[in-house]
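Asker: Pasting a structure here, questions to come.
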Amino acid sequence: VLHQLRNTINDLIKKGIIDESDTSIVVETAREMNDANWRAAIQKYQEEREKENAKYRQELLQHMPESKITSTDIDKVRLWIEQDKKSIYTGEHIQPTQLLNGECEIEHTIPRSISFDDSLANKTICEKSFNGYKNNRFPSELPEYETILSRIQPWKDKIKNLESQIVNLRNKCKMAPKVTSKDSSTTKIKTKDDYIVDRHILEMKLAYWRDKVSR
């Protein structure tokens with residue numbers, strides 16, 4: 001989030017929309033983020049993403065030397081897998097080589113020139129030709145919009161599944177025995193805190209997919 005904020009501010013400064021010498025940025029952190037369970041959840045979530053990135057790097061190594069792999073390439077693979085290796089806009093299957101040879105590229109669902117949003121939630125992989133055709137339009141402005149909506153049904157299903165899992169963890173948390181973390185490490189019993197951490201991780205995933213689908 002802070003990385004995205006920095007990029008947005010730098011972009012606004014370059015365009016002269018804000019004055020670098022006369023602008024103050026105040027970032028407020030929600031109280032819940034100071035909670036130990038939230039911190040543990042964030043750490044585990046980040047570790048999970050790092051493991052996924054390592055897996056995506058291995059995928060890329062089949063097609064290019066490691067020295068040429070960039071973070072953008074890894075994002076391309078992540079988005080490609082999110083989309084079941086198909087274009088959300090055309091429904092066409094995307095080959096791994098198309099991610100790297102320029103035939104397919106990252107596009108911004110809400111045009112970056114309008115939203116300044118460079119987050120993964122605002123990105124998909126699509127054919128370069130379609131990205132040019134879409135240009136600075138919103139998906140809802142395209143004549144293919146209804147068909148495009150049908151292709152993100154798996155994302156909506158994922159949201160429902162995450163919501164169900166979160167409810168399930170809330171119930172398990174209520175029933176969890178009062179065991180300390182130290183005891184649970186030897187008895188393999190999940191504590192209430194363990195369930196809360198797991199729930200927070202799912203809540204972060206849910207927030208991402210809701211954000212992505214809402215565009």
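Chain labels A, B, ... are given in the sequence in which chains occur in the structure tokens; within each chain residues are numbered consecutively from 1, and ligands are likewise numbered from 1 in the order shown.
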Where in segment 26-213 of chain A does DSSP assign strand (DSSP E or B), given as a compact mmCIF listing (two decimals) with N, CA and C atoms, in the first residue's frame?

Answerer:
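Below is the file states_33.txt, written as the result:
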```txt
# COMPACT_ATOMS: atom_id res chain seq x y z
N LYS A 86 -6.33 -17.56 -19.13
CA LYS A 86 -7.16 -17.09 -20.25
C LYS A 86 -7.31 -15.57 -20.17
N HIS A 93 -7.28 -18.64 -24.72
CA HIS A 93 -6.23 -19.22 -23.88
C HIS A 93 -4.91 -18.49 -24.15
N CYS A 104 0.95 -10.59 -25.23
CA CYS A 104 0.03 -10.28 -24.13
C CYS A 104 0.76 -9.40 -23.12
N GLU A 105 0.01 -8.54 -22.46
CA GLU A 105 0.63 -7.60 -21.53
C GLU A 105 -0.31 -7.28 -20.39
N ILE A 106 0.22 -6.61 -19.39
CA ILE A 106 -0.59 -6.16 -18.26
C ILE A 106 -1.43 -4.95 -18.69
N GLU A 107 -2.72 -5.02 -18.39
CA GLU A 107 -3.58 -3.85 -18.64
C GLU A 107 -4.23 -3.44 -17.33
N HIS A 108 -4.58 -2.17 -17.24
CA HIS A 108 -5.22 -1.64 -16.04
C HIS A 108 -6.73 -1.59 -16.26
N LYS A 123 -5.25 -4.86 -12.20
CA LYS A 123 -4.54 -5.36 -13.37
C LYS A 123 -5.06 -6.71 -13.83
N THR A 124 -4.99 -6.94 -15.13
CA THR A 124 -5.20 -8.27 -15.70
C THR A 124 -4.18 -8.44 -16.83
N ILE A 125 -4.11 -9.66 -17.33
CA ILE A 125 -3.29 -9.95 -18.51
C ILE A 125 -4.25 -10.06 -19.70
N CYS A 126 -3.94 -9.38 -20.78
CA CYS A 126 -4.76 -9.52 -21.98
C CYS A 126 -3.90 -9.32 -23.22
N GLU A 127 -4.48 -9.59 -24.37
CA GLU A 127 -3.78 -9.42 -25.62
C GLU A 127 -3.42 -7.95 -25.83
```

Asker: Give me the residues within 8 Å of Ile94 of chain A as a PDB file with N, CA, C and O atoms, in the first residue's frame, counting only C-alpha atoms and dropping any in the same chain fewer than 3 places off.

Answerer:
```pdb
ATOM      1  N   TRP A  80      -1.874 -14.226 -14.723  1.00  0.00           N
ATOM      2  CA  TRP A  80      -2.186 -15.279 -15.699  1.00  0.00           C
ATOM      3  C   TRP A  80      -2.847 -16.466 -15.009  1.00  0.00           C
ATOM      4  O   TRP A  80      -3.857 -17.003 -15.488  1.00  0.00           O
ATOM      5  N   LYS A  85      -5.304 -18.774 -16.905  1.00  0.00           N
ATOM      6  CA  LYS A  85      -4.481 -18.748 -18.119  1.00  0.00           C
ATOM      7  C   LYS A  85      -5.280 -18.354 -19.364  1.00  0.00           C
ATOM      8  O   LYS A  85      -4.953 -18.750 -20.479  1.00  0.00           O
ATOM      9  N   LYS A  86      -6.329 -17.563 -19.129  1.00  0.00           N
ATOM     10  CA  LYS A  86      -7.158 -17.090 -20.248  1.00  0.00           C
ATOM     11  C   LYS A  86      -7.314 -15.570 -20.173  1.00  0.00           C
ATOM     12  O   LYS A  86      -7.192 -14.976 -19.110  1.00  0.00           O
ATOM     13  N   SER A  87      -7.608 -14.963 -21.301  1.00  0.00           N
ATOM     14  CA  SER A  87      -7.888 -13.530 -21.335  1.00  0.00           C
ATOM     15  C   SER A  87      -9.300 -13.279 -20.824  1.00  0.00           C
ATOM     16  O   SER A  87     -10.261 -13.893 -21.315  1.00  0.00           O
ATOM     17  N   GLN A  98       3.439 -16.220 -24.725  1.00  0.00           N
ATOM     18  CA  GLN A  98       2.786 -14.949 -25.051  1.00  0.00           C
ATOM     19  C   GLN A  98       2.963 -13.909 -23.947  1.00  0.00           C
ATOM     20  O   GLN A  98       2.858 -12.705 -24.196  1.00  0.00           O
ATOM     21  N   LEU A  99       3.230 -14.392 -22.721  1.00  0.00           N
ATOM     22  CA  LEU A  99       3.465 -13.472 -21.614  1.00  0.00           C
ATOM     23  C   LEU A  99       4.798 -12.746 -21.787  1.00  0.00           C
ATOM     24  O   LEU A  99       4.988 -11.644 -21.265  1.00  0.00           O
ATOM     25  N   CYS A 104       0.950 -10.594 -25.228  1.00  0.00           N
ATOM     26  CA  CYS A 104       0.034 -10.282 -24.133  1.00  0.00           C
ATOM     27  C   CYS A 104       0.761  -9.403 -23.119  1.00  0.00           C
ATOM     28  O   CYS A 104       1.973  -9.519 -22.941  1.00  0.00           O
TER      29      CYS A 104
END
```

Asker: Show me, as a ChimeraX atom specification, the residues that have an atom within 12 Å of Lys156 of chain A when counting only C-alpha atoms, minus same-chain residues fewer than 3 positions from it.

Answerer: /A:149-153,159-163,206,208-214

Asker: Applying 12 Å and only C-alpha atoms, which residues near Met64 of chain A remain after dropping the ones on its own chain fewer than 3 positions away? List them as a list of chain:residue names.

Answerer: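 That gives A:Arg57, A:Gln58, A:Glu59, A:Leu60, A:Leu61, A:Ser67, A:Lys68, A:Ile69, A:Thr70, A:Asp73, A:Pro96, A:Thr97, A:Leu99, A:Leu100, A:Asn101.
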
Asker: Which of these, A:Ser140, A:Thr90, A:Ser71, A:Ser113, has the shortest distance to Arg215 of chain A once you count only C-alpha atoms?

Answerer: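 Residue with the minimum atom-to-atom distance to Arg215 of chain A: A:Ser140.
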
Asker: Measuring atom to atom with only C-alpha atoms, identify which of A:Asp118, A:His200, A:Ile189, A:Pro111 is nearest to Arg6 of chain A.

Answerer: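 Result for the nearest residue to Arg6 of chain A: A:Asp118.
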